[in-house]
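J.: Below is protein25.pdb; it holds PDB, C-alpha atoms, pLDDT in the B column.
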```
ATOM      1  CA  MET A   1     -40.733 -31.348 -34.627  1.00 45.00           C
ATOM      2  CA  SER A   2     -41.136 -27.988 -36.422  1.00 46.00           C
ATOM      3  CA  ASP A   3     -38.242 -26.064 -38.002  1.00 49.00           C
ATOM      4  CA  ARG A   4     -38.613 -23.422 -35.322  1.00 50.00           C
ATOM      5  CA  SER A   5     -37.868 -25.748 -32.391  1.00 56.00           C
ATOM      6  CA  PRO A   6     -34.050 -25.925 -32.833  1.00 56.00           C
ATOM      7  CA  LEU A   7     -33.917 -22.124 -33.222  1.00 51.00           C
ATOM      8  CA  ALA A   8     -36.016 -21.598 -30.113  1.00 52.00           C
ATOM      9  CA  PHE A   9     -33.817 -24.060 -28.225  1.00 49.00           C
ATOM     10  CA  ARG A  10     -30.657 -22.180 -29.281  1.00 53.00           C
ATOM     11  CA  ILE A  11     -32.176 -18.855 -28.186  1.00 49.00           C
ATOM     12  CA  ILE A  12     -33.088 -20.295 -24.781  1.00 49.00           C
ATOM     13  CA  CYS A  13     -29.550 -21.726 -24.335  1.00 48.00           C
ATOM     14  CA  ALA A  14     -27.957 -18.435 -25.362  1.00 48.00           C
ATOM     15  CA  THR A  15     -30.169 -16.542 -22.908  1.00 48.00           C
ATOM     16  CA  ILE A  16     -29.256 -18.878 -20.047  1.00 48.00           C
ATOM     17  CA  PHE A  17     -25.532 -18.638 -20.902  1.00 44.00           C
ATOM     18  CA  LEU A  18     -25.711 -14.830 -21.009  1.00 41.00           C
ATOM     19  CA  GLY A  19     -27.473 -14.771 -17.637  1.00 45.00           C
ATOM     20  CA  VAL A  20     -24.802 -16.987 -16.069  1.00 39.00           C
ATOM     21  CA  LEU A  21     -22.025 -14.859 -17.594  1.00 40.00           C
ATOM     22  CA  ILE A  22     -23.540 -11.638 -16.229  1.00 40.00           C
ATOM     23  CA  GLY A  23     -23.948 -13.262 -12.813  1.00 44.00           C
ATOM     24  CA  VAL A  24     -20.306 -14.385 -12.724  1.00 36.00           C
ATOM     25  CA  THR A  25     -19.101 -10.979 -13.865  1.00 37.00           C
ATOM     26  CA  ALA A  26     -21.117  -9.332 -11.105  1.00 37.00           C
ATOM     27  CA  VAL A  27     -19.605 -11.618  -8.446  1.00 36.00           C
ATOM     28  CA  VAL A  28     -15.928 -11.379  -9.436  1.00 35.00           C
ATOM     29  CA  PRO A  29     -15.357  -7.675  -8.664  1.00 40.00           C
ATOM     30  CA  SER A  30     -16.785  -7.994  -5.150  1.00 36.00           C
ATOM     31  CA  THR A  31     -14.446 -10.939  -4.502  1.00 38.00           C
ATOM     32  CA  ILE A  32     -11.477  -8.844  -5.623  1.00 43.00           C
ATOM     33  CA  GLN A  33     -12.682  -5.879  -3.594  1.00 50.00           C
ATOM     34  CA  THR A  34     -12.536  -7.844  -0.336  1.00 63.00           C
ATOM     35  CA  ASN A  35      -8.764  -8.237  -0.753  1.00 87.00           C
ATOM     36  CA  LEU A  36      -8.148  -4.505  -0.997  1.00 92.00           C
ATOM     37  CA  PRO A  37      -6.734  -2.707   2.031  1.00 96.00           C
ATOM     38  CA  GLU A  38      -9.241  -1.165   4.402  1.00 97.00           C
ATOM     39  CA  ASP A  39      -9.388   2.083   6.283  1.00 97.00           C
ATOM     40  CA  LEU A  40     -10.129   2.062  10.014  1.00 97.00           C
ATOM     41  CA  ARG A  41     -13.885   1.942   9.358  1.00 96.00           C
ATOM     42  CA  ALA A  42     -13.453  -1.329   7.389  1.00 95.00           C
ATOM     43  CA  THR A  43     -14.125   0.394   4.055  1.00 96.00           C
ATOM     44  CA  THR A  44     -11.991  -0.900   1.164  1.00 96.00           C
ATOM     45  CA  VAL A  45      -9.630   1.721  -0.239  1.00 96.00           C
ATOM     46  CA  ASP A  46      -7.402   1.724  -3.310  1.00 96.00           C
ATOM     47  CA  PRO A  47      -4.714   4.388  -2.714  1.00 97.00           C
ATOM     48  CA  PHE A  48      -3.655   4.189  -6.366  1.00 96.00           C
ATOM     49  CA  LYS A  49      -7.098   5.255  -7.556  1.00 94.00           C
ATOM     50  CA  LEU A  50      -7.081   8.089  -5.026  1.00 94.00           C
ATOM     51  CA  SER A  51      -3.593   9.321  -5.961  1.00 90.00           C
ATOM     52  CA  ASP A  52      -5.107  11.527  -8.695  1.00 85.00           C
ATOM     53  CA  GLY A  53      -1.930  11.648 -10.785  1.00 88.00           C
ATOM     54  CA  HIS A  54       0.278  12.431  -7.792  1.00 95.00           C
ATOM     55  CA  VAL A  55       3.362  10.584  -6.599  1.00 98.00           C
ATOM     56  CA  LEU A  56       2.268   7.946  -4.081  1.00 98.00           C
ATOM     57  CA  VAL A  57       4.281   7.145  -0.945  1.00 98.00           C
ATOM     58  CA  LEU A  58       3.453   4.065   1.132  1.00 98.00           C
ATOM     59  CA  LEU A  59       5.025   3.696   4.569  1.00 98.00           C
ATOM     60  CA  PHE A  60       4.810   0.240   6.124  1.00 98.00           C
ATOM     61  CA  VAL A  61       4.669   0.424   9.913  1.00 97.00           C
ATOM     62  CA  ARG A  62       3.615  -1.528  12.993  1.00 96.00           C
ATOM     63  CA  THR A  63       2.273  -0.344  16.309  1.00 96.00           C
ATOM     64  CA  ASP A  64       4.851  -2.362  18.282  1.00 94.00           C
ATOM     65  CA  CYS A  65       8.013  -1.957  16.183  1.00 94.00           C
ATOM     66  CA  PRO A  66      10.448   0.282  18.092  1.00 94.00           C
ATOM     67  CA  ILE A  67      12.404   1.347  15.000  1.00 94.00           C
ATOM     68  CA  SER A  68       9.186   2.108  13.161  1.00 94.00           C
ATOM     69  CA  ASN A  69       8.058   4.299  16.059  1.00 96.00           C
ATOM     70  CA  ARG A  70      11.369   6.145  16.203  1.00 95.00           C
ATOM     71  CA  TYR A  71      10.860   7.191  12.575  1.00 96.00           C
ATOM     72  CA  VAL A  72       7.603   9.046  13.274  1.00 97.00           C
ATOM     73  CA  PRO A  73       9.192  12.556  13.278  1.00 96.00           C
ATOM     74  CA  ALA A  74      11.052  11.864  10.012  1.00 96.00           C
ATOM     75  CA  ILE A  75       7.898  10.505   8.364  1.00 97.00           C
ATOM     76  CA  GLN A  76       5.844  13.479   9.543  1.00 97.00           C
ATOM     77  CA  ARG A  77       8.501  15.901   8.286  1.00 97.00           C
ATOM     78  CA  LEU A  78       8.568  14.319   4.817  1.00 97.00           C
ATOM     79  CA  ARG A  79       4.807  14.382   4.570  1.00 97.00           C
ATOM     80  CA  GLN A  80       4.808  18.063   5.464  1.00 96.00           C
ATOM     81  CA  GLU A  81       7.639  18.817   3.025  1.00 97.00           C
ATOM     82  CA  PHE A  82       5.858  17.200   0.081  1.00 97.00           C
ATOM     83  CA  GLN A  83       2.291  18.124   0.977  1.00 94.00           C
ATOM     84  CA  GLY A  84       0.275  18.784  -2.168  1.00 93.00           C
ATOM     85  CA  GLN A  85       2.876  17.044  -4.348  1.00 96.00           C
ATOM     86  CA  ALA A  86       2.802  13.470  -3.050  1.00 97.00           C
ATOM     87  CA  ASN A  87       0.119  11.421  -1.317  1.00 97.00           C
ATOM     88  CA  PHE A  88       1.280   9.622   1.838  1.00 98.00           C
ATOM     89  CA  TRP A  89      -0.352   6.555   3.449  1.00 98.00           C
ATOM     90  CA  LEU A  90       0.591   4.591   6.523  1.00 98.00           C
ATOM     91  CA  ILE A  91       0.193   0.881   5.830  1.00 98.00           C
ATOM     92  CA  TYR A  92      -0.316  -1.558   8.705  1.00 98.00           C
ATOM     93  CA  PRO A  93       0.323  -5.076   7.324  1.00 97.00           C
ATOM     94  CA  ASP A  94      -0.123  -7.128  10.505  1.00 96.00           C
ATOM     95  CA  PRO A  95      -3.576  -8.807  10.597  1.00 94.00           C
ATOM     96  CA  ALA A  96      -3.314  -8.996  14.414  1.00 94.00           C
ATOM     97  CA  GLU A  97      -3.392  -5.193  14.680  1.00 96.00           C
ATOM     98  CA  SER A  98      -7.024  -4.118  14.968  1.00 97.00           C
ATOM     99  CA  SER A  99      -8.465  -0.777  13.904  1.00 97.00           C
ATOM    100  CA  ALA A 100      -8.716   0.192  17.583  1.00 97.00           C
ATOM    101  CA  MET A 101      -5.020  -0.565  18.142  1.00 98.00           C
ATOM    102  CA  ILE A 102      -4.075   1.479  15.091  1.00 98.00           C
ATOM    103  CA  ARG A 103      -6.243   4.424  16.176  1.00 98.00           C
ATOM    104  CA  THR A 104      -4.498   4.404  19.563  1.00 98.00           C
ATOM    105  CA  HIS A 105      -1.125   4.303  17.806  1.00 98.00           C
ATOM    106  CA  LEU A 106      -2.017   7.238  15.551  1.00 98.00           C
ATOM    107  CA  GLU A 107      -3.179   9.303  18.516  1.00 97.00           C
ATOM    108  CA  ARG A 108      -0.192   8.421  20.678  1.00 97.00           C
ATOM    109  CA  PHE A 109       2.307   9.530  18.017  1.00 96.00           C
ATOM    110  CA  HIS A 110       0.182  12.410  16.666  1.00 96.00           C
ATOM    111  CA  TYR A 111       0.232  11.034  13.138  1.00 96.00           C
ATOM    112  CA  ALA A 112      -1.459  13.266  10.558  1.00 93.00           C
ATOM    113  CA  ILE A 113      -1.323  10.683   7.761  1.00 97.00           C
ATOM    114  CA  PRO A 114      -4.216   8.421   6.693  1.00 97.00           C
ATOM    115  CA  ALA A 115      -3.834   4.753   7.647  1.00 98.00           C
ATOM    116  CA  LEU A 116      -4.806   1.511   5.945  1.00 98.00           C
ATOM    117  CA  ARG A 117      -4.880  -2.102   7.150  1.00 98.00           C
ATOM    118  CA  ASP A 118      -3.300  -4.327   4.491  1.00 97.00           C
ATOM    119  CA  ILE A 119      -4.151  -7.681   6.048  1.00 94.00           C
ATOM    120  CA  HIS A 120      -4.113  -9.514   2.692  1.00 95.00           C
ATOM    121  CA  HIS A 121      -0.716  -7.990   1.818  1.00 96.00           C
ATOM    122  CA  VAL A 122      -1.918  -6.588  -1.505  1.00 96.00           C
ATOM    123  CA  LEU A 123       0.173  -3.439  -1.001  1.00 97.00           C
ATOM    124  CA  VAL A 124       2.991  -5.372   0.665  1.00 97.00           C
ATOM    125  CA  ASN A 125       3.381  -7.447  -2.487  1.00 96.00           C
ATOM    126  CA  ARG A 126       3.005  -4.535  -4.878  1.00 97.00           C
ATOM    127  CA  ALA A 127       5.614  -2.534  -2.977  1.00 97.00           C
ATOM    128  CA  ARG A 128       7.885  -5.571  -2.375  1.00 97.00           C
ATOM    129  CA  ALA A 129       7.963  -4.628   1.308  1.00 97.00           C
ATOM    130  CA  THR A 130       9.513  -7.030   3.832  1.00 96.00           C
ATOM    131  CA  ILE A 131      10.292  -4.805   6.842  1.00 95.00           C
ATOM    132  CA  THR A 132       8.674  -2.168   9.007  1.00 96.00           C
ATOM    133  CA  PRO A 133       9.512   0.640   8.696  1.00 96.00           C
ATOM    134  CA  GLU A 134       9.889   0.487   4.934  1.00 97.00           C
ATOM    135  CA  SER A 135       8.864   2.901   2.222  1.00 98.00           C
ATOM    136  CA  ALA A 136       7.676   2.579  -1.368  1.00 98.00           C
ATOM    137  CA  VAL A 137       7.435   5.355  -3.936  1.00 98.00           C
ATOM    138  CA  PHE A 138       5.227   5.089  -7.013  1.00 98.00           C
ATOM    139  CA  ASN A 139       5.354   7.681  -9.769  1.00 97.00           C
ATOM    140  CA  ALA A 140       2.283   9.455 -11.131  1.00 94.00           C
ATOM    141  CA  SER A 141       1.668   6.504 -13.480  1.00 94.00           C
ATOM    142  CA  GLY A 142       1.600   4.026 -10.587  1.00 95.00           C
ATOM    143  CA  LYS A 143       5.003   2.484 -11.345  1.00 96.00           C
ATOM    144  CA  LEU A 144       7.153   1.428  -8.367  1.00 98.00           C
ATOM    145  CA  VAL A 145      10.295   3.569  -8.606  1.00 98.00           C
ATOM    146  CA  TYR A 146      11.816   2.971  -5.161  1.00 98.00           C
ATOM    147  CA  HIS A 147      11.326   0.659  -2.199  1.00 98.00           C
ATOM    148  CA  GLY A 148      13.368   0.229   0.936  1.00 97.00           C
ATOM    149  CA  ARG A 149      14.680   2.159   3.890  1.00 97.00           C
ATOM    150  CA  ILE A 150      13.744   5.731   4.696  1.00 97.00           C
ATOM    151  CA  ASP A 151      17.400   6.637   5.327  1.00 97.00           C
ATOM    152  CA  ASN A 152      20.542   5.038   6.798  1.00 95.00           C
ATOM    153  CA  TRP A 153      19.917   6.065  10.411  1.00 94.00           C
ATOM    154  CA  TYR A 154      19.945   2.389  11.421  1.00 92.00           C
ATOM    155  CA  GLU A 155      22.936   0.269  10.420  1.00 83.00           C
ATOM    156  CA  ASP A 156      21.509  -2.843  12.062  1.00 80.00           C
ATOM    157  CA  PHE A 157      18.871  -3.744  14.622  1.00 72.00           C
ATOM    158  CA  GLY A 158      19.939  -1.961  17.826  1.00 76.00           C
ATOM    159  CA  ARG A 159      22.738  -0.029  16.085  1.00 80.00           C
ATOM    160  CA  SER A 160      22.036   3.500  14.861  1.00 81.00           C
ATOM    161  CA  ARG A 161      23.970   6.576  13.781  1.00 84.00           C
ATOM    162  CA  VAL A 162      23.600   9.883  15.601  1.00 86.00           C
ATOM    163  CA  THR A 163      22.006  11.264  12.423  1.00 90.00           C
ATOM    164  CA  PRO A 164      21.476   9.700   8.994  1.00 94.00           C
ATOM    165  CA  THR A 165      23.959  10.498   6.245  1.00 94.00           C
ATOM    166  CA  THR A 166      21.790   9.358   3.315  1.00 95.00           C
ATOM    167  CA  HIS A 167      18.121  10.128   2.653  1.00 97.00           C
ATOM    168  CA  GLU A 168      16.856   7.519   0.211  1.00 97.00           C
ATOM    169  CA  LEU A 169      13.126   8.153   0.573  1.00 98.00           C
ATOM    170  CA  GLU A 170      13.400  11.926   0.263  1.00 98.00           C
ATOM    171  CA  ASP A 171      15.653  11.560  -2.799  1.00 97.00           C
ATOM    172  CA  ALA A 172      13.258   9.059  -4.388  1.00 98.00           C
ATOM    173  CA  ILE A 173      10.273  11.381  -3.928  1.00 98.00           C
ATOM    174  CA  GLN A 174      12.163  14.319  -5.424  1.00 98.00           C
ATOM    175  CA  ASN A 175      13.255  12.170  -8.382  1.00 97.00           C
ATOM    176  CA  ALA A 176       9.717  10.898  -8.960  1.00 97.00           C
ATOM    177  CA  LEU A 177       8.372  14.454  -8.935  1.00 97.00           C
ATOM    178  CA  ALA A 178      11.047  15.478 -11.443  1.00 96.00           C
ATOM    179  CA  GLY A 179      10.428  12.433 -13.638  1.00 95.00           C
ATOM    180  CA  LYS A 180      13.905  11.051 -12.938  1.00 95.00           C
ATOM    181  CA  SER A 181      14.968   7.521 -12.040  1.00 95.00           C
ATOM    182  CA  THR A 182      16.249   6.635  -8.582  1.00 94.00           C
ATOM    183  CA  ILE A 183      19.413   4.543  -8.723  1.00 94.00           C
ATOM    184  CA  PRO A 184      19.608   2.217  -6.947  1.00 94.00           C
ATOM    185  CA  ASP A 185      15.845   1.725  -6.718  1.00 96.00           C
ATOM    186  CA  HIS A 186      16.116  -0.397  -3.570  1.00 97.00           C
ATOM    187  CA  ALA A 187      17.956  -0.135  -0.247  1.00 96.00           C
ATOM    188  CA  ASN A 188      17.618  -2.745   2.490  1.00 95.00           C
ATOM    189  CA  ALA A 189      15.633  -1.571   5.495  1.00 95.00           C
ATOM    190  CA  VAL A 190      16.307  -2.387   9.152  1.00 94.00           C
ATOM    191  CA  GLY A 191      13.426  -3.149  11.478  1.00 93.00           C
ATOM    192  CA  CYS A 192      10.711  -5.728  12.129  1.00 93.00           C
ATOM    193  CA  TYR A 193       9.926  -8.393   9.549  1.00 93.00           C
ATOM    194  CA  ILE A 194       6.498  -8.484   7.930  1.00 93.00           C
ATOM    195  CA  SER A 195       5.152 -11.952   8.630  1.00 82.00           C
ATOM    196  CA  ASP A 196       3.716 -14.022   5.791  1.00 64.00           C
ATOM    197  CA  LEU A 197      -0.010 -14.526   5.691  1.00 50.00           C
ATOM    198  CA  LYS A 198      -1.123 -17.702   7.452  1.00 43.00           C
TER     199      LYS A 198
END
```
Could you write out this structure as structure tokens?
T.:
Amino acid sequence: MSDRSPLAFRIICATIFLGVLIGVTAVVPSTIQTNLPEDLRATTVDPFKLSDGHVLVLLFVRTDCPISNRYVPAIQRLRQEFQGQANFWLIYPDPAESSAMIRTHLERFHYAIPALRDIHHVLVNRARATITPESAVFNASGKLVYHGRIDNWYEDFGRSRVTPTTHELEDAIQNALAGKSTIPDHANAVGCYISDLK
């Protein structure tokens, strides 16, 4: 065997290893991508990448949750109030709710906020959401600064005040815009539980 054979063998092995490594690297991102939330055209969307340095507000809702539906005017008002300062997204975490169902829901309630299906609960977990309706506020750096109820309109399921006396979500958005902390950074929401993935 010549002196060149071991060197040639090592070069071949290194080339094969590099090819496998490149192949694995190419596959991993697409696997991760499939877990991202999707818009209603089944295109994966990362709202954090689209926030463009703005405060990000995620609102977890369901088409069939009565409390969630009663909050539509309040959600629309907040979005209008902070337009241009904070990016709002409606997040539908129930895998059983199809894009067609969500489109019908958006039309029925005249929502003017973009919607995402979070069937793998990527955003649910990042926002620590457990209820619909529930809100999560992330500052311009993508840090979760508040999660929980929109306000205290509902004391319990089926028991509501005439009007809310606290406005946790609005306060959290204003604090995030001003670079201030929200204390407490969580308030229990009342509504429909987000089921675990099966």
J.: Counting only C-alpha atoms, which residues sit no farther than 12 Å from the position (0.7, 8.2, -12.2) in the file's frame? I'd like them as a PyMOL selection string.
T.: chain A and resi 47-57+86-87+137-145+176-177+179
J.: Can you write just those residues out, C-alpha atoms, as a JSON list (two decimals), keeping the file's coordinate frame?
T.:
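Writing done, so here's selection28.json:
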```
[["chain", "number", "residue", "atom", "x", "y", "z"],
["A", 47, "PRO", "CA", -4.71, 4.39, -2.71],
["A", 48, "PHE", "CA", -3.66, 4.19, -6.37],
["A", 49, "LYS", "CA", -7.10, 5.26, -7.56],
["A", 50, "LEU", "CA", -7.08, 8.09, -5.03],
["A", 51, "SER", "CA", -3.59, 9.32, -5.96],
["A", 52, "ASP", "CA", -5.11, 11.53, -8.70],
["A", 53, "GLY", "CA", -1.93, 11.65, -10.78],
["A", 54, "HIS", "CA", 0.28, 12.43, -7.79],
["A", 55, "VAL", "CA", 3.36, 10.58, -6.60],
["A", 56, "LEU", "CA", 2.27, 7.95, -4.08],
["A", 57, "VAL", "CA", 4.28, 7.14, -0.94],
["A", 86, "ALA", "CA", 2.80, 13.47, -3.05],
["A", 87, "ASN", "CA", 0.12, 11.42, -1.32],
["A", 137, "VAL", "CA", 7.44, 5.36, -3.94],
["A", 138, "PHE", "CA", 5.23, 5.09, -7.01],
["A", 139, "ASN", "CA", 5.35, 7.68, -9.77],
["A", 140, "ALA", "CA", 2.28, 9.46, -11.13],
["A", 141, "SER", "CA", 1.67, 6.50, -13.48],
["A", 142, "GLY", "CA", 1.60, 4.03, -10.59],
["A", 143, "LYS", "CA", 5.00, 2.48, -11.34],
["A", 144, "LEU", "CA", 7.15, 1.43, -8.37],
["A", 145, "VAL", "CA", 10.30, 3.57, -8.61],
["A", 176, "ALA", "CA", 9.72, 10.90, -8.96],
["A", 177, "LEU", "CA", 8.37, 14.45, -8.94],
["A", 179, "GLY", "CA", 10.43, 12.43, -13.64]]
```
J.: Using only C-alpha atoms, which residue out of A:Glu134, A:Glu97, A:Asp46, A:Asp39 lies closest to Ser68 in chain A?
T.: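 Closest residue, counting only C-alpha atoms: A:Glu134.
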J.: Just checking: using all atoms listed in the file, which residue out of A:Ile194, A:Leu78, A:Ala189, A:Ile150 ends up closest to Pro95 in chain A?
T.: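 Ranking A:Ile194, A:Leu78, A:Ala189, A:Ile150 by distance to Pro95 in chain A, first place goes to A:Ile194.
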J.: Pick the closest to Ile75 in chain A from A:His147, A:Arg117, A:Phe88, A:Thr132: which is it, counting only C-alpha atoms?
T.: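 Checking each of A:His147, A:Arg117, A:Phe88, A:Thr132 against Ile75 in chain A, counting only C-alpha atoms, the winner is A:Phe88.
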J.: What residues come out when you apply the PyMOL selection byres ((chain A and resi 102) around 10) to this file, written as a list in words?
T.: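 Matching residues under the PyMOL selection byres ((chain A and resi 102) around 10) are Leu40, Arg62, Thr63, Tyr92, Glu97, Ser98, Ser99, Ala100, Met101, Arg103, Thr104, His105, Leu106, Glu107, Arg108, Ala115, Leu116 and Arg117 of chain A.
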J.: Given the file shown, determine the residues that the PyMOL selection byres ((chain A and resi 155-161) around 9) selects; report them as a list of chain:residue names.
T.: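 When the PyMOL selection byres ((chain A and resi 155-161) around 9) is applied to the shown file, the picked residues are A:Ile67, A:Asn152, A:Trp153, A:Tyr154, A:Val162, A:Thr163, A:Pro164, A:Thr165, A:Ala189, A:Val190, A:Gly191, A:Cys192.
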J.: Pick the closest to Gln76 in chain A from A:Ala42, A:Ala96, A:Ile113, A:Ala129: which is it, counting all atoms listed in the file?
T.: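 For Gln76 in chain A, the nearest of the given residues is A:Ile113.
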J.: Got a sec: who's within 9 Å of range 34-38 of chain A, counting all atoms listed in the file, leaving out chain neighbours fewer than 3 positions off, as a PDB file with C-alpha atoms, in the frame of the given file?
T.:
```
ATOM      1  CA  PRO A  29     -15.357  -7.675  -8.664  1.00 40.00           C
ATOM      2  CA  SER A  30     -16.785  -7.994  -5.150  1.00 36.00           C
ATOM      3  CA  THR A  31     -14.446 -10.939  -4.502  1.00 38.00           C
ATOM      4  CA  ARG A  41     -13.885   1.942   9.358  1.00 96.00           C
ATOM      5  CA  ALA A  42     -13.453  -1.329   7.389  1.00 95.00           C
ATOM      6  CA  THR A  43     -14.125   0.394   4.055  1.00 96.00           C
ATOM      7  CA  THR A  44     -11.991  -0.900   1.164  1.00 96.00           C
ATOM      8  CA  VAL A  45      -9.630   1.721  -0.239  1.00 96.00           C
ATOM      9  CA  ASP A  46      -7.402   1.724  -3.310  1.00 96.00           C
ATOM     10  CA  PRO A  47      -4.714   4.388  -2.714  1.00 97.00           C
ATOM     11  CA  ILE A  91       0.193   0.881   5.830  1.00 98.00           C
ATOM     12  CA  ALA A 115      -3.834   4.753   7.647  1.00 98.00           C
ATOM     13  CA  LEU A 116      -4.806   1.511   5.945  1.00 98.00           C
ATOM     14  CA  ARG A 117      -4.880  -2.102   7.150  1.00 98.00           C
ATOM     15  CA  ASP A 118      -3.300  -4.327   4.491  1.00 97.00           C
ATOM     16  CA  ILE A 119      -4.151  -7.681   6.048  1.00 94.00           C
ATOM     17  CA  HIS A 120      -4.113  -9.514   2.692  1.00 95.00           C
ATOM     18  CA  HIS A 121      -0.716  -7.990   1.818  1.00 96.00           C
ATOM     19  CA  VAL A 122      -1.918  -6.588  -1.505  1.00 96.00           C
ATOM     20  CA  LEU A 123       0.173  -3.439  -1.001  1.00 97.00           C
TER      21      LEU A 123
END
```
J.: Would you compute, for all listed atoms of range 172-185 of chain A, the axis-aligned bounding box grown by 4 Å on each side, and then report its centre and edge lengths in Å rounded to one decimal, as lines of an AutoDock Vina configuration file?
T.:
```
center_x = 14.0
center_y = 8.6
center_z = -8.8
size_x = 19.2
size_y = 21.8
size_z = 17.7
```
J.: CA of Gly148 in chain A and CA of Phe82 in chain A are how many Å apart?
T.: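 If I compute the distance from CA of Gly148 in chain A to CA of Phe82 in chain A, I get 18.6 Å.
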J.: How far is it from CA of Ser135 in chain A to CA of Leu169 in chain A, in Å with one decimal?
T.: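 Taking CA of Ser135 in chain A as the start and CA of Leu169 in chain A as the end point, the length is 7.0 Å.
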J.: May I ask you to restore N, CA and C atoms in range 54-73 of chain A and write the result as a tab-separated table (two decimals), in the frame of the given file?
T.:
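Final file, selection_36.tsv:
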```tsv
chain	number	residue	atom	x	y	z
A	54	HIS	N	-0.83	12.01	-8.65
A	54	HIS	CA	0.28	12.43	-7.79
A	54	HIS	C	1.23	11.26	-7.54
A	55	VAL	N	2.43	11.60	-7.10
A	55	VAL	CA	3.36	10.58	-6.60
A	55	VAL	C	2.73	9.97	-5.35
A	56	LEU	N	2.86	8.66	-5.21
A	56	LEU	CA	2.27	7.95	-4.08
A	56	LEU	C	3.37	7.37	-3.21
A	57	VAL	N	3.29	7.64	-1.91
A	57	VAL	CA	4.28	7.14	-0.94
A	57	VAL	C	3.58	6.27	0.08
A	58	LEU	N	3.99	5.00	0.14
A	58	LEU	CA	3.45	4.07	1.13
A	58	LEU	C	4.51	3.82	2.20
A	59	LEU	N	4.10	3.91	3.45
A	59	LEU	CA	5.03	3.70	4.57
A	59	LEU	C	4.50	2.54	5.41
A	60	PHE	N	5.23	1.45	5.42
A	60	PHE	CA	4.81	0.24	6.12
A	60	PHE	C	5.30	0.31	7.57
A	61	VAL	N	4.36	0.24	8.49
A	61	VAL	CA	4.67	0.42	9.91
A	61	VAL	C	3.92	-0.60	10.75
A	62	ARG	N	4.33	-0.70	12.00
A	62	ARG	CA	3.62	-1.53	12.99
A	62	ARG	C	3.48	-0.73	14.27
A	63	THR	N	2.47	-1.07	15.05
A	63	THR	CA	2.27	-0.34	16.31
A	63	THR	C	3.35	-0.68	17.33
A	64	ASP	N	3.93	-1.89	17.24
A	64	ASP	CA	4.85	-2.36	18.28
A	64	ASP	C	6.30	-2.46	17.82
A	65	CYS	N	6.63	-1.91	16.67
A	65	CYS	CA	8.01	-1.96	16.18
A	65	CYS	C	8.76	-0.72	16.67
A	66	PRO	N	9.77	-0.89	17.53
A	66	PRO	CA	10.45	0.28	18.09
A	66	PRO	C	11.13	1.16	17.05
A	67	ILE	N	11.74	0.55	16.04
A	67	ILE	CA	12.40	1.35	15.00
A	67	ILE	C	11.36	2.12	14.20
A	68	SER	N	10.28	1.45	13.87
A	68	SER	CA	9.19	2.11	13.16
A	68	SER	C	8.70	3.32	13.93
A	69	ASN	N	8.54	3.19	15.23
A	69	ASN	CA	8.06	4.30	16.06
A	69	ASN	C	9.08	5.43	16.18
A	70	ARG	N	10.35	5.10	16.13
A	70	ARG	CA	11.37	6.14	16.20
A	70	ARG	C	11.40	6.99	14.93
A	71	TYR	N	10.85	6.46	13.85
A	71	TYR	CA	10.86	7.19	12.58
A	71	TYR	C	9.67	8.15	12.42
A	72	VAL	N	8.79	8.19	13.40
A	72	VAL	CA	7.60	9.05	13.27
A	72	VAL	C	7.96	10.50	12.92
A	73	PRO	N	8.89	11.16	13.63
A	73	PRO	CA	9.19	12.56	13.28
A	73	PRO	C	9.69	12.71	11.84
```
